[in-house]
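A.B. asks: There's a structure below that I have some questions on.
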Amino acid sequence: MTLQRQAGVSLWRQIAQTLEGEIKAQVLAPGRQLPTEAELAERFGVNRHTVRRGIAFLEQEGLLRVEQGRGTFVQERMVDYRLGKRTRFTENIEKQSRIPSGEIVRALTIAADATVAKNLRLRKGAPAILIENVGKVDGRPISVAAHHFPAKRFPDIIEVYKREKSVTRGLSHYGVVHYTRQETRVTARLPSGNESRLLELPRSQPVLVIEAINIDPEGRIIEYGWTRMAAERTQLVVQP
């Protein structure tokens, strides 16, 4: 493609306008990786510095994201993740006309450490069930969630979860049809190496850490969990 060098518009801005048009037309779809700077420089017949300036402008506009060591990607739509008395991953995503999915990272019985025991109101060392999974939106990971349940009350929940592929339906199997959020705490930090790998996120990009306790209609604690969400892909919406 040949740029108009006498058009009164700088070359880097012409590159930005061209790429922006391709993004809006979804020629460059959300999440897609752009060609390298060298390939774009060859395409537009300019040097890499000019390409870099155009990309930097689109990054400032929120249309592109640059991941150190990985490349430049078209920015996906931000996910509005609602936190309230009733917080459900699948419902949250489907209400935005997007596709939720996920996969299990690990599922096992553990001896409750001090934190898990305190939040589930168990004695330290008592058996608890841990189910950790990656939550995806439109095929792209946005969260890694660790769900802890008292093993005495939900002894086979791993098998039920694998069959139902849903915490809500898993709890319903035990008669817990309705449950609500008792408490939510939110912090932020940089991801661990494992979180970075599972979320396909650079170590330099922060994650939101959501710690939560869910209770049944009688007020008994049924789940303690903590979720790490890619901050660049997620906007938390707090509801009363």
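Letters A, B, ... go to the chains of the structure tokens in the order shown; residues in each chain start at 1; ligands are counted from 1 in the same order.
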Pick out each residue of segment 56-113 of chain A that DSSP on the backbone tags as alpha helix (DSSP H); I need them as a VMD selection string.
C.D. replies: chain A and resid 56 to 60 89 to 94
A.B. asks: May I have the residues within 10 Å of segment 197-202 of chain A as a PyMOL selection string, using only C-alpha atoms and disregarding those fewer than 5 positions away in the same chain?
C.D. replies: chain A and resi 67-70+105+133-136+140-144+190-192+207+228-232
A.B. asks: Might you pull out every residue within 7 Å of Thr187 of chain A, with only C-alpha atoms counted and same-chain residues fewer than 4 positions away left off, and present them as a PyMOL selection string?
C.D. replies: chain A and resi 208-210
A.B. asks: Now that the selection is made, can you save its residues with C-alpha atoms as a PDB file, in the first residue's frame?
C.D. replies:
ATOM      1  CA  LEU A 208      -7.923  -7.906  40.065  1.00  0.00           C
ATOM      2  CA  VAL A 209      -8.221 -10.299  43.009  1.00  0.00           C
ATOM      3  CA  ILE A 210     -11.807 -10.865  44.187  1.00  0.00           C
TER       4      ILE A 210
END
A.B. asks: Find the residues near Asp113 of chain A: any atom within 12 Å, counting only C-alpha atoms, skip ones fewer than 3 places away on the same chain, and give them as a CSV table (one decimal) with all heavy atoms, in the first residue's frame.
C.D. replies:
chain,number,residue,atom,x,y,z
A,110,ILE,N,-8.5,-31.2,49.7
A,110,ILE,CA,-7.3,-30.6,50.4
A,110,ILE,C,-7.6,-30.6,51.9
A,110,ILE,O,-8.7,-30.7,52.4
A,110,ILE,CB,-7.0,-29.2,49.9
A,110,ILE,CG1,-8.1,-28.3,50.2
A,110,ILE,CG2,-6.6,-29.3,48.4
A,110,ILE,CD1,-7.8,-26.8,49.9
A,116,VAL,N,-8.5,-20.9,54.5
A,116,VAL,CA,-9.7,-21.6,54.0
A,116,VAL,C,-10.5,-22.0,55.2
A,116,VAL,O,-11.7,-21.9,55.2
A,116,VAL,CB,-9.3,-22.8,53.2
A,116,VAL,CG1,-10.5,-23.7,52.9
A,116,VAL,CG2,-8.6,-22.4,51.9
A,117,ALA,N,-9.9,-22.5,56.3
A,117,ALA,CA,-10.6,-22.9,57.5
A,117,ALA,C,-11.4,-21.8,58.1
A,117,ALA,O,-12.6,-21.9,58.5
A,117,ALA,CB,-9.7,-23.5,58.5
A,118,LYS,N,-10.7,-20.6,58.2
A,118,LYS,CA,-11.4,-19.5,58.8
A,118,LYS,C,-12.6,-19.0,58.0
A,118,LYS,O,-13.7,-18.8,58.5
A,118,LYS,CB,-10.4,-18.3,58.9
A,118,LYS,CG,-11.0,-17.0,59.4
A,118,LYS,CD,-10.0,-15.9,59.4
A,118,LYS,CE,-10.6,-14.6,59.8
A,118,LYS,NZ,-9.6,-13.5,59.8
A,119,ASN,N,-12.5,-19.0,56.7
A,119,ASN,CA,-13.6,-18.5,55.8
A,119,ASN,C,-14.7,-19.5,55.6
A,119,ASN,O,-15.8,-19.1,55.4
A,119,ASN,CB,-13.0,-18.0,54.5
A,119,ASN,CG,-12.3,-16.7,54.6
A,119,ASN,OD1,-12.9,-15.7,54.7
A,119,ASN,ND2,-10.9,-16.8,54.6
A,120,LEU,N,-14.4,-20.8,55.7
A,120,LEU,CA,-15.4,-21.8,55.6
A,120,LEU,C,-16.0,-22.2,57.0
A,120,LEU,O,-16.9,-23.0,57.1
A,120,LEU,CB,-14.9,-23.1,54.9
A,120,LEU,CG,-14.8,-23.0,53.4
A,120,LEU,CD1,-14.3,-24.3,52.8
A,120,LEU,CD2,-16.1,-22.6,52.7
A,121,ARG,N,-15.3,-21.7,58.0
A,121,ARG,CA,-15.7,-22.0,59.4
A,121,ARG,C,-15.5,-23.5,59.7
A,121,ARG,O,-16.4,-24.2,60.2
A,121,ARG,CB,-17.1,-21.5,59.8
A,121,ARG,CG,-17.3,-20.0,59.7
A,121,ARG,CD,-18.7,-19.6,60.1
A,121,ARG,NE,-18.8,-18.1,60.0
A,121,ARG,CZ,-20.0,-17.5,60.1
A,121,ARG,NH1,-21.1,-18.1,60.4
A,121,ARG,NH2,-20.0,-16.2,60.0
A,122,LEU,N,-14.3,-23.9,59.3
A,122,LEU,CA,-13.9,-25.3,59.6
A,122,LEU,C,-12.7,-25.3,60.6
A,122,LEU,O,-12.1,-24.2,60.7
A,122,LEU,CB,-13.5,-26.0,58.3
A,122,LEU,CG,-14.5,-26.1,57.2
A,122,LEU,CD1,-13.8,-26.6,55.9
A,122,LEU,CD2,-15.7,-27.0,57.6
A,123,ARG,N,-12.4,-26.4,61.1
A,123,ARG,CA,-11.2,-26.5,61.9
A,123,ARG,C,-10.0,-26.6,60.9
A,123,ARG,O,-10.1,-27.2,59.8
A,123,ARG,CB,-11.2,-27.7,62.8
A,123,ARG,CG,-11.3,-29.0,62.2
A,123,ARG,CD,-11.2,-30.1,63.2
A,123,ARG,NE,-11.4,-31.4,62.5
A,123,ARG,CZ,-10.5,-32.0,61.7
A,123,ARG,NH1,-9.3,-31.5,61.6
A,123,ARG,NH2,-10.8,-33.2,61.2
A,124,LYS,N,-8.9,-26.1,61.3
A,124,LYS,CA,-7.7,-26.2,60.4
A,124,LYS,C,-7.3,-27.6,60.2
A,124,LYS,O,-7.3,-28.4,61.1
A,124,LYS,CB,-6.5,-25.4,61.0
A,124,LYS,CG,-5.3,-25.4,60.1
A,124,LYS,CD,-4.1,-24.6,60.8
A,124,LYS,CE,-2.9,-24.6,59.9
A,124,LYS,NZ,-1.8,-23.9,60.6
A,125,GLY,N,-7.1,-28.0,58.9
A,125,GLY,CA,-6.8,-29.4,58.5
A,125,GLY,C,-8.0,-30.2,58.2
A,125,GLY,O,-7.8,-31.3,57.7
A,126,ALA,N,-9.2,-29.7,58.4
A,126,ALA,CA,-10.4,-30.4,58.0
A,126,ALA,C,-10.5,-30.5,56.4
A,126,ALA,O,-9.9,-29.7,55.7
A,126,ALA,CB,-11.7,-29.7,58.5
A,127,PRO,N,-11.1,-31.6,55.9
A,127,PRO,CA,-11.1,-31.7,54.5
A,127,PRO,C,-12.0,-30.7,53.8
A,127,PRO,O,-13.1,-30.3,54.3
A,127,PRO,CB,-11.7,-33.1,54.3
A,127,PRO,CG,-12.4,-33.4,55.5
A,127,PRO,CD,-11.7,-32.7,56.6
A,128,ALA,N,-11.5,-30.1,52.7
A,128,ALA,CA,-12.2,-29.2,51.9
A,128,ALA,C,-12.0,-29.5,50.4
A,128,ALA,O,-11.0,-30.2,50.1
A,128,ALA,CB,-11.8,-27.7,52.2
A,129,ILE,N,-13.0,-29.2,49.6
A,129,ILE,CA,-12.9,-29.4,48.2
A,129,ILE,C,-12.4,-28.2,47.5
A,129,ILE,O,-12.9,-27.1,47.7
A,129,ILE,CB,-14.2,-29.9,47.6
A,129,ILE,CG1,-14.8,-31.0,48.3
A,129,ILE,CG2,-14.1,-30.2,46.1
A,129,ILE,CD1,-14.0,-32.3,48.2
A,130,LEU,N,-11.4,-28.3,46.6
A,130,LEU,CA,-10.9,-27.2,45.8
A,130,LEU,C,-11.1,-27.5,44.4
A,130,LEU,O,-10.7,-28.5,43.8
A,130,LEU,CB,-9.4,-27.0,46.0
A,130,LEU,CG,-8.7,-26.1,45.0
A,130,LEU,CD1,-9.2,-24.7,45.0
A,130,LEU,CD2,-7.2,-26.1,45.2
A,148,HIS,N,-13.7,-23.1,47.0
A,148,HIS,CA,-13.5,-24.0,48.1
A,148,HIS,C,-14.8,-24.3,48.8
A,148,HIS,O,-15.6,-23.4,49.1
A,148,HIS,CB,-12.6,-23.4,49.2
A,148,HIS,CG,-11.2,-23.0,48.7
A,148,HIS,ND1,-10.9,-21.8,48.1
A,148,HIS,CD2,-10.0,-23.7,48.7
A,148,HIS,CE1,-9.7,-21.8,47.8
A,148,HIS,NE2,-9.1,-22.9,48.1
A.B. asks: Residues within 7 Å of segment 170-172 of chain A, please, as a list in words. Count only C-alpha atoms; anything in the same chain fewer than 3 positions from it doesn't count.
C.D. replies: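 Within the cut-off, the hits are Ile157, Val160, Tyr161, Glu164, Ser166, Val167, Gly175, Val176 and Val177 of chain A.
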A.B. asks: Could you check which of A:Glu59, A:Asp138, A:Glu94, A:Glu103 is closest to Pro30 of chain A, using only C-alpha atoms?
C.D. replies: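 Closest to Pro30 of chain A, using only C-alpha atoms: A:Asp138.
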A.B. asks: What is the distance, in Å and to one decimal place, between atom CA of Pro206 of chain A and atom CA of Arg65 of chain A?
C.D. replies: 14.1 Å
